[in-house]
Every structure is written in C-alpha cells, then in structure tokens.
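Here is the structure we will look at, set down as structure tokens.
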Amino acid sequence: MRHFGHIAPAARGDLFFREPCDFDAGSPAPVLAAALGATLYSPATRPRLADDVIKQARRGVVSMVLCLEDSIDDSEVPGAEENLVRQFADLAERGGELPLLFIRVREPHQITDLVRRLGASARLLSGFVLPKFTQERGVPFMEALTKAESAAGQRLFAMPVLESPELLHLETRRESLRKIAGTVDTYRDRVLALRLGVTDFCSAYGLRRAPDMTAYDVRIVGDVIADVVNVLGRADGTGFTITGPVWEYFRLQERMFKPQLRRSPFLEGRAEELRTALIEHDLDGLLREIELDRANGLLGKTCIHPSHVAPVHALSVVSHEEFSDAQDILRPERDGGGVLRSSYTNKMNEVKPHRAWAERTLRRAEVFGVAKADVGFVELLAASLAE
C-alpha cells in the first residue's frame, strides 16, 4: 500500500516531486509509525465491517482501529467480539489490499482471547490499541500482547492511549509520565505509537471544545500534550511517535465537492472556492489543529469520520520547500555544522539545531511524498476527493 495510492498514476505524477513509498504490515516499525496517517476508528459492532474496511482502503485509508471500547455500549461487547471474528474471516477469504488493522480492547485478557478466536485470520491483524494506559494497566496489557504474539507466530504492535486522570491532574502528572515512560521503554520494540485521548481529558473537567477551537486552545489539554511530548516525544532516540487527538465534528459531505473536483486535480482556478467551502463546513478548525499537531511534535491523527482522512493526509505531504531545506541541512559536507541560506532564499538553516527536524521531515517525505513546487494542500485534497 502507499499513501495516495488510490489516485491514478498520471494524477500522482502531476502532484508529486517525489511520490510516497510502498509499505505493508511487514515494513520496519519506524516506517509504519510515520505512515499511520489518519487512523480511522470504527465500532466493532458494524454488521458490514468487512465491506467498510475494503471501501475505506479504496478511498486512501491506510490504518484503521476496530473498537471494542468507548464507541460501543458495555452490553454489546460479547456480540462485537463475535462480529470481529466473523468479519476478519470474511476479509481473509476475500483477500486484497487492506489497511493496517488494529483492535481497541478494554482488558488484557481480550488480546489473547481474540487472537485465539481469530485463528488463521489473525494474520490480517497489526496489533492492539490499549486504552487508559498507565504503568499499572499497561504492564498486564503488554504481557498479554507478548503472549498473543507468540501464539500467533507474528509481530503484533501496541498503540497505548494516554487518557487517564492521573496523567491529566497536575499533582500526579509527573510521576504518571515517569512510570509510563519506563513501561513503554521496556516494551519499546512492540510500541508502534502513542495516542492521545483528548476527549477523556476534557471529560474530567466537563469540557468540550467548539468546532472553531483546537485542542491547543483548551489550556488544560494543551498543557498535557506539551508534557507528553516533553517526556515521550524527544528527538534524541528515546522518544516515540505521538499521534494527534481526535477531531469530533464532521458536517462535511465530500459529495458536495465532487462535481467540481472531477474536472481537474488543480481545480482550474477554483482553489479559493474549495478553501471557502471547507471553512464553511467546519473544517477550518480541523485544518488548524492538524498544523498545530505537527508544530507541537505530533504525527498522524485519530479520526472518527472518513471525511477527515483526506485533509490529514494532504497536510502530511512534505512541501518542496521543506524537502529542499531538509536535504540541504543533511548534506554530508554539512556534518560540521554552520549556517546556510535556504535554496528558497527566505530563511537561514542552522545545520546542528535543525538536524533533528530535517531527519523527521525526510522520514515523513518517505511515506507521504514530496509535493511539486507549485502544488499545495488544496490541490492534494482535491485530487484525493476526486477519485
């Protein structure tokens, strides 16, 4: 699979200076962590879940979470587990390219039990999402994952969700982060990424952000994100990929734009019309939040609606200017440091301070590609929606 793989090759050639790479469930963990992109969540109770997975794969989704936790009622869990087993068997029988599939469980015992019940179709599973992750809850989860991995005879990843009150409350945050850091470091090879449960953070204080506000505008939440990145997102080799929080609003209907988008990936001068439409349909807040995610060290995003996927991916593509700066900074002859004017002649690149940024940028360029110099977010989004 690859990002923007659902777009026709000729259209990709018009958009990309360097196209996204191919990857699959067996690719190295750093590649998969960077490639998660917009991870689409779906309740495990959906009766046509296999059809949904295949449909979303055709629309450019590369990672999905099938949820047994907060998205379903407590009484629905047994039936949802049975449904997962049936739907995985259906997917295995039908074959074809699928997104990276993860199951969000509630308790550790579900991990080993589900792998056993999935049988041969467990080969379609990339791992598990572990809710309300703390040291106390995390260790049993990771031990269960290790057992399931051994039983399945395949690599299984964990994506812990940081959302517990101990992490939010100021008096317990430092110690909670210290313990979480120790736990995920112990199981580093199995931790693909850390996810942020911002809805749970808001819930602890009876808060909910409006569609014109980002998670970073809610100061309590913004402070927690900053501390999580501070401890767990460092660029010195000790950090992990941390994904952006969920965006709750989804009034946008892609069909509204398709007649105009089908005419050309470049909109034939109608870029401003699309920008206005996006703002009018409550996506302005999402776009700002995606930009703030990256500015604050996060990569990828939890999504609960398919209309969020294309904007997340379009804003994840590396611009030609970013790529040029990163390449200049990482040239072998620059190993000694120094300062140089960017090839776009609009900034100074300091080799040593900007090295970690450049390395992360080239990692993102590998999986999301590099846009041509005259291609921006609107053109990438339009091409994604027009397919």
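Each chain of the structure tokens is named A, B, ... in the order shown, its residues numbered from 1; ligands are numbered from 1 in display order.
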Next on the checklist: With only C-alpha atoms as the counted atoms, please give the residues lying no more than 12 Å from range 171-174 of chain A, apart from itself and same-chain residues fewer than 4 positions off, as JSON, numbers by chain.
Outcome noted: {"A": [134, 162, 163, 164, 165, 166, 167, 178, 179, 180, 181, 223, 224, 225, 226, 227, 228, 230, 231, 232]}
Checklist entry - Ala152 in chain A: which residues within 9 Å, counting only C-alpha atoms, same-chain residues fewer than 6 positions away excluded, as a ChimeraX atom specification? => result /A:115-116,119-120,122-123
How about saving the chosen residues, C-alpha atoms kept, as a JSON list (two decimals), in the first residue's frame?
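What ended up in result12.json:
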```
[["chain", "number", "residue", "atom", "x", "y", "z"],
["A", 115, "VAL", "CA", -6.03, -13.85, 18.74],
["A", 116, "ARG", "CA", -7.03, -17.42, 19.61],
["A", 119, "GLY", "CA", -7.26, -18.25, 14.17],
["A", 120, "ALA", "CA", -5.67, -18.02, 10.72],
["A", 122, "ALA", "CA", -5.16, -13.10, 12.77],
["A", 123, "ARG", "CA", -2.55, -12.66, 10.03]]
```
Next on the checklist: When DSSP is applied to the backbone of this structure, which of range 100-333 of chain A are assigned strand (DSSP E or B)? Write them out as an MDAnalysis selection string.
Outcome noted: chainID A and resid 100:104 125:130 157:162 191 194:196 242 244:247 301:303 318
Item to check | Nearest candidate to Gly60 in chain A (options A:His6, A:Arg86, A:Arg208, A:Arg46; using only C-alpha atoms) | outcome: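 Among A:His6, A:Arg86, A:Arg208, A:Arg46, it is A:His6 that comes nearest to Gly60 in chain A.
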Checklist entry - Which residue, A:Ala371, A:Ala235, A:Ile103, A:Met64, has the smallest gap to Ser319 in chain A when you use only C-alpha atoms? => result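 Smallest distance to Ser319 in chain A is found for A:Ala371.
Taking only C-alpha atoms, the non-local environment of Lys147 in chain A within 12 Å (same-chain residues fewer than 2 positions away omitted) comprises A:Pro108, A:His109, A:Gln110, A:Ile111, A:Thr112, A:Asp113, A:Leu114, A:Val115, A:Arg116, A:Pro140, A:Phe141, A:Met142, A:Glu143, A:Ala144, A:Leu145, A:Glu149, A:Ser150, A:Ala151, A:Ala152, A:Gly153, A:Gln154, A:Arg155, A:Leu156.
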Next on the checklist: Report as a ChimeraX atom specification all protein, DNA and RNA residues lying within 10 Å of Thr39 in chain A, evaluated on only C-alpha atoms, omitting residues in the same chain fewer than 4 positions from it.
Outcome noted: /A:35,61-65,99-102,243-244,246,300-306,308-309,312
Can I get the selection written as a PDB file, in the first residue's frame, with N, CA and C atoms?
```pdb
ATOM      1  N   ALA A  35       3.843   6.270   8.875  1.00  0.00           N
ATOM      2  CA  ALA A  35       2.854   6.120   7.806  1.00  0.00           C
ATOM      3  C   ALA A  35       1.422   5.993   8.302  1.00  0.00           C
ATOM      4  N   VAL A  61      -7.506   5.157   2.968  1.00  0.00           N
ATOM      5  CA  VAL A  61      -7.227   4.893   4.381  1.00  0.00           C
ATOM      6  C   VAL A  61      -6.153   3.806   4.481  1.00  0.00           C
ATOM      7  N   VAL A  62      -5.125   4.032   5.301  1.00  0.00           N
ATOM      8  CA  VAL A  62      -4.063   3.028   5.445  1.00  0.00           C
ATOM      9  C   VAL A  62      -3.991   2.451   6.852  1.00  0.00           C
ATOM     10  N   SER A  63      -4.748   2.980   7.792  1.00  0.00           N
ATOM     11  CA  SER A  63      -4.777   2.389   9.138  1.00  0.00           C
ATOM     12  C   SER A  63      -6.162   2.572   9.734  1.00  0.00           C
ATOM     13  N   MET A  64      -6.665   1.498  10.365  1.00  0.00           N
ATOM     14  CA  MET A  64      -7.986   1.525  10.984  1.00  0.00           C
ATOM     15  C   MET A  64      -7.936   0.859  12.348  1.00  0.00           C
ATOM     16  N   VAL A  65      -8.777   1.340  13.253  1.00  0.00           N
ATOM     17  CA  VAL A  65      -8.954   0.741  14.572  1.00  0.00           C
ATOM     18  C   VAL A  65     -10.397   0.285  14.693  1.00  0.00           C
ATOM     19  N   PRO A  99      -6.051  -1.963   4.880  1.00  0.00           N
ATOM     20  CA  PRO A  99      -5.295  -1.076   5.765  1.00  0.00           C
ATOM     21  C   PRO A  99      -4.612  -1.876   6.880  1.00  0.00           C
ATOM     22  N   LEU A 100      -3.708  -1.243   7.591  1.00  0.00           N
ATOM     23  CA  LEU A 100      -3.200  -1.803   8.840  1.00  0.00           C
ATOM     24  C   LEU A 100      -4.371  -1.842   9.814  1.00  0.00           C
ATOM     25  N   LEU A 101      -4.675  -3.006  10.357  1.00  0.00           N
ATOM     26  CA  LEU A 101      -5.851  -3.179  11.215  1.00  0.00           C
ATOM     27  C   LEU A 101      -5.437  -3.400  12.662  1.00  0.00           C
ATOM     28  N   PHE A 102      -6.051  -2.638  13.555  1.00  0.00           N
ATOM     29  CA  PHE A 102      -5.815  -2.741  14.991  1.00  0.00           C
ATOM     30  C   PHE A 102      -7.161  -2.915  15.691  1.00  0.00           C
ATOM     31  N   THR A 243       0.632  10.516  18.184  1.00  0.00           N
ATOM     32  CA  THR A 243      -0.344  10.916  17.173  1.00  0.00           C
ATOM     33  C   THR A 243      -1.277  12.006  17.696  1.00  0.00           C
ATOM     34  N   GLY A 244      -1.854  12.744  16.772  1.00  0.00           N
ATOM     35  CA  GLY A 244      -2.717  13.860  17.124  1.00  0.00           C
ATOM     36  C   GLY A 244      -4.073  13.409  17.650  1.00  0.00           C
ATOM     37  N   VAL A 246      -8.263  13.303  18.443  1.00  0.00           N
ATOM     38  CA  VAL A 246      -9.430  13.173  17.576  1.00  0.00           C
ATOM     39  C   VAL A 246     -10.086  14.530  17.343  1.00  0.00           C
ATOM     40  N   GLY A 300       0.336  12.206  12.398  1.00  0.00           N
ATOM     41  CA  GLY A 300      -0.858  11.391  12.243  1.00  0.00           C
ATOM     42  C   GLY A 300      -1.969  11.907  13.128  1.00  0.00           C
ATOM     43  N   LYS A 301      -3.149  11.266  13.033  1.00  0.00           N
ATOM     44  CA  LYS A 301      -4.288  11.757  13.811  1.00  0.00           C
ATOM     45  C   LYS A 301      -5.341  10.671  13.959  1.00  0.00           C
ATOM     46  N   THR A 302      -5.974  10.653  15.125  1.00  0.00           N
ATOM     47  CA  THR A 302      -7.140   9.798  15.338  1.00  0.00           C
ATOM     48  C   THR A 302      -8.338  10.422  14.630  1.00  0.00           C
ATOM     49  N   CYS A 303      -9.048   9.634  13.817  1.00  0.00           N
ATOM     50  CA  CYS A 303     -10.202  10.145  13.067  1.00  0.00           C
ATOM     51  C   CYS A 303     -11.421   9.264  13.312  1.00  0.00           C
ATOM     52  N   ILE A 304     -12.567   9.895  13.439  1.00  0.00           N
ATOM     53  CA  ILE A 304     -13.800   9.143  13.661  1.00  0.00           C
ATOM     54  C   ILE A 304     -14.768   9.290  12.492  1.00  0.00           C
ATOM     55  N   HIS A 305     -14.337   9.967  11.419  1.00  0.00           N
ATOM     56  CA  HIS A 305     -15.204  10.122  10.256  1.00  0.00           C
ATOM     57  C   HIS A 305     -14.354  10.110   8.997  1.00  0.00           C
ATOM     58  N   PRO A 306     -14.802   9.416   7.952  1.00  0.00           N
ATOM     59  CA  PRO A 306     -14.000   9.328   6.728  1.00  0.00           C
ATOM     60  C   PRO A 306     -13.658  10.670   6.096  1.00  0.00           C
ATOM     61  N   HIS A 308     -12.462  13.180   7.385  1.00  0.00           N
ATOM     62  CA  HIS A 308     -11.258  13.767   7.972  1.00  0.00           C
ATOM     63  C   HIS A 308      -9.981  13.216   7.355  1.00  0.00           C
ATOM     64  N   VAL A 309     -10.070  12.078   6.682  1.00  0.00           N
ATOM     65  CA  VAL A 309      -8.863  11.378   6.238  1.00  0.00           C
ATOM     66  C   VAL A 309      -8.098  12.178   5.199  1.00  0.00           C
ATOM     67  N   VAL A 312      -6.167  15.262   6.539  1.00  0.00           N
ATOM     68  CA  VAL A 312      -4.990  14.869   7.324  1.00  0.00           C
ATOM     69  C   VAL A 312      -3.858  14.449   6.398  1.00  0.00           C
TER      70      VAL A 312
END
```
Checklist entry - For Pro43 in chain A, which of A:Gly79, A:Gly138, A:Pro245, A:Gly369 is the closest residue, counting only C-alpha atoms? => result A:Gly79
Env of range 350-354 of chain A: 7 Å cut, atoms = only C-alpha atoms, seq-sep filter 2 positions within chain, self excluded. Answer as an mmCIF file with N, CA, C and O atoms, in the first residue's frame.
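Wrote out-v7.cif, looks like this:
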```cif
data_model
loop_
_atom_site.group_PDB
_atom_site.id
_atom_site.type_symbol
_atom_site.label_atom_id
_atom_site.label_comp_id
_atom_site.auth_asym_id
_atom_site.auth_seq_id
_atom_site.Cartn_x
_atom_site.Cartn_y
_atom_site.Cartn_z
ATOM 1 N N ILE A 329 20.281 20.681 4.814
ATOM 2 C CA ILE A 329 20.791 20.556 6.184
ATOM 3 C C ILE A 329 21.538 19.243 6.380
ATOM 4 O O ILE A 329 22.554 19.190 7.097
ATOM 5 N N ARG A 334 27.937 19.040 5.400
ATOM 6 C CA ARG A 334 27.481 19.956 6.451
ATOM 7 C C ARG A 334 27.588 19.344 7.844
ATOM 8 O O ARG A 334 27.090 19.928 8.813
ATOM 9 N N GLY A 337 28.438 21.417 10.897
ATOM 10 C CA GLY A 337 27.569 22.496 11.361
ATOM 11 C C GLY A 337 27.603 23.688 10.431
ATOM 12 O O GLY A 337 27.912 23.587 9.241
ATOM 13 N N GLY A 338 27.274 24.834 10.988
ATOM 14 C CA GLY A 338 27.252 26.061 10.217
ATOM 15 C C GLY A 338 25.857 26.532 9.891
ATOM 16 O O GLY A 338 24.854 25.913 10.246
ATOM 17 N N VAL A 339 25.807 27.661 9.188
ATOM 18 C CA VAL A 339 24.545 28.295 8.802
ATOM 19 C C VAL A 339 24.571 28.521 7.293
ATOM 20 O O VAL A 339 25.600 28.904 6.734
ATOM 21 N N LEU A 340 23.449 28.270 6.627
ATOM 22 C CA LEU A 340 23.371 28.494 5.190
ATOM 23 C C LEU A 340 22.014 29.075 4.824
ATOM 24 O O LEU A 340 21.020 28.846 5.514
ATOM 25 N N MET A 348 17.242 31.206 7.040
ATOM 26 C CA MET A 348 18.555 30.644 7.319
ATOM 27 C C MET A 348 18.373 29.268 7.945
ATOM 28 O O MET A 348 17.565 29.091 8.854
ATOM 29 N N ALA A 356 17.581 17.467 13.656
ATOM 30 C CA ALA A 356 16.514 16.545 14.057
ATOM 31 C C ALA A 356 15.236 16.839 13.274
ATOM 32 O O ALA A 356 14.522 15.915 12.865
ATOM 33 N N TRP A 357 14.936 18.125 13.065
ATOM 34 C CA TRP A 357 13.769 18.482 12.245
ATOM 35 C C TRP A 357 13.918 17.937 10.834
ATOM 36 O O TRP A 357 12.973 17.384 10.251
ATOM 37 N N ALA A 358 15.114 18.082 10.263
ATOM 38 C CA ALA A 358 15.347 17.621 8.892
ATOM 39 C C ALA A 358 15.185 16.107 8.793
ATOM 40 O O ALA A 358 14.607 15.594 7.819
#
```
Next on the checklist: Applying 12 Å and only C-alpha atoms, which residues near Asn346 in chain A remain after dropping the ones on its own chain fewer than 6 positions away? List them as an MDAnalysis selection string.
Outcome noted: chainID A and resid 321:322 325 340
Can I get the selection written as a tab-separated table (two decimals), in the first residue's frame, with N, CA and C atoms?
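Now in out.tsv:
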```tsv
chain	number	residue	atom	x	y	z
A	321	GLU	N	9.56	23.04	-0.55
A	321	GLU	CA	10.44	23.91	0.22
A	321	GLU	C	10.99	23.20	1.45
A	322	GLU	N	10.13	22.52	2.20
A	322	GLU	CA	10.59	21.75	3.36
A	322	GLU	C	11.62	20.71	2.96
A	325	ASP	N	15.00	22.29	2.15
A	325	ASP	CA	15.70	22.68	3.37
A	325	ASP	C	16.29	21.47	4.08
A	340	LEU	N	23.45	28.27	6.63
A	340	LEU	CA	23.37	28.49	5.19
A	340	LEU	C	22.01	29.07	4.82
```
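Comparing A:Val318, A:Leu292, A:Ala11, A:Leu196 by their smallest distance to Phe368 in chain A, the closest is A:Val318 (using only C-alpha atoms).
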Next on the checklist: What parts of range 59-273 of chain A does DSSP call alpha helix (DSSP H)? I'd like the answer as an NGL selection string.
Outcome noted: :A and (77-94 or 108-118 or 135-152 or 165-168 or 170-186 or 198-203 or 219-232 or 258-261 or 271-273)
Taking C-alpha atoms for each residue, export the selection above as a short mmCIF file (atom, residue, chain, number, x, y, z; two decimals), in the first residue's frame.
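Wrote part02.cif, looks like this:
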```cif
data_model
loop_
_atom_site.label_atom_id
_atom_site.label_comp_id
_atom_site.auth_asym_id
_atom_site.auth_seq_id
_atom_site.Cartn_x
_atom_site.Cartn_y
_atom_site.Cartn_z
CA VAL A 77 -19.01 -6.29 23.90
CA PRO A 78 -19.64 -10.06 23.53
CA GLY A 79 -21.57 -9.59 20.31
CA ALA A 80 -18.93 -7.17 18.98
CA GLU A 81 -16.18 -9.73 19.63
CA GLU A 82 -18.14 -12.39 17.73
CA ASN A 83 -18.69 -9.91 14.92
CA LEU A 84 -14.96 -9.20 14.70
CA VAL A 85 -14.18 -12.89 14.34
CA ARG A 86 -16.73 -13.21 11.52
CA GLN A 87 -15.60 -10.07 9.73
CA PHE A 88 -11.90 -10.99 9.89
CA ALA A 89 -12.73 -14.41 8.43
CA ASP A 90 -14.64 -12.65 5.64
CA LEU A 91 -11.72 -10.32 4.92
CA ALA A 92 -9.27 -13.23 4.87
CA GLU A 93 -11.43 -15.10 2.39
CA ARG A 94 -11.88 -12.12 0.07
CA PRO A 108 -5.74 -7.50 28.70
CA HIS A 109 -7.43 -10.91 28.53
CA GLN A 110 -9.24 -9.84 25.34
CA ILE A 111 -5.94 -9.71 23.48
CA THR A 112 -5.03 -13.37 23.90
CA ASP A 113 -8.64 -14.50 23.60
CA LEU A 114 -9.25 -12.65 20.34
CA VAL A 115 -6.03 -13.85 18.74
CA ARG A 116 -7.03 -17.42 19.61
CA ARG A 117 -10.54 -16.97 18.22
CA LEU A 118 -9.36 -15.23 15.06
CA GLN A 135 2.03 1.67 34.35
CA GLU A 136 -0.45 -0.32 36.43
CA ARG A 137 -2.74 -1.06 33.47
CA GLY A 138 -0.01 -1.06 30.87
CA VAL A 139 2.15 -3.90 32.14
CA PRO A 140 -0.68 -6.51 32.02
CA PHE A 141 -1.63 -5.26 28.57
CA MET A 142 1.91 -5.61 27.27
CA GLU A 143 2.35 -9.03 28.84
CA ALA A 144 -0.85 -10.20 27.14
CA LEU A 145 0.37 -8.79 23.83
CA THR A 146 3.64 -10.68 24.19
CA LYS A 147 1.76 -13.95 24.77
CA ALA A 148 -0.57 -13.31 21.85
CA GLU A 149 2.34 -12.52 19.57
CA SER A 150 3.98 -15.82 20.48
CA ALA A 151 0.74 -17.76 19.98
CA ALA A 152 0.07 -16.12 16.60
CA PRO A 165 -6.96 11.20 35.01
CA GLU A 166 -3.56 10.55 36.64
CA LEU A 167 -1.94 11.97 33.54
CA LEU A 168 -4.25 14.97 33.43
CA LEU A 170 -1.21 18.28 37.85
CA GLU A 171 -0.31 16.67 41.17
CA THR A 172 0.07 13.18 39.63
CA ARG A 173 1.20 14.01 36.09
CA ARG A 174 4.95 13.99 36.59
CA GLU A 175 5.01 10.62 38.35
CA SER A 176 2.49 9.12 35.93
CA LEU A 177 4.58 10.19 32.94
CA ARG A 178 7.72 8.80 34.54
CA LYS A 179 6.09 5.41 35.06
CA ILE A 180 4.54 5.34 31.59
CA ALA A 181 7.92 6.19 30.07
CA GLY A 182 9.52 3.30 31.91
CA THR A 183 6.84 0.87 30.79
CA VAL A 184 6.86 1.76 27.10
CA ASP A 185 10.65 1.80 27.07
CA THR A 186 10.70 -1.76 28.45
CA VAL A 198 -8.20 14.24 24.47
CA THR A 199 -11.94 13.54 24.77
CA ASP A 200 -11.28 11.80 28.10
CA PHE A 201 -9.08 14.70 29.22
CA CYS A 202 -11.91 17.15 28.53
CA SER A 203 -14.43 14.87 30.21
CA ARG A 219 -5.31 25.17 28.05
CA ILE A 220 -5.59 22.15 30.33
CA VAL A 221 -5.41 19.84 27.32
CA GLY A 222 -2.66 21.82 25.63
CA ASP A 223 -0.55 21.65 28.77
CA VAL A 224 -0.89 17.86 28.93
CA ILE A 225 0.03 17.45 25.27
CA ALA A 226 3.12 19.58 25.82
CA ASP A 227 4.20 17.49 28.82
CA VAL A 228 3.61 14.21 26.99
CA VAL A 229 5.77 15.38 24.07
CA ASN A 230 8.36 16.71 26.52
CA VAL A 231 8.82 13.31 28.15
CA LEU A 232 7.86 10.83 25.43
CA LYS A 258 -17.09 16.03 -6.31
CA PRO A 259 -18.70 17.58 -9.40
CA GLN A 260 -16.21 20.45 -9.40
CA LEU A 261 -13.25 18.33 -8.28
CA ALA A 271 -8.86 26.63 -5.28
CA GLU A 272 -10.26 29.61 -3.40
CA GLU A 273 -13.79 28.25 -3.83
#
```
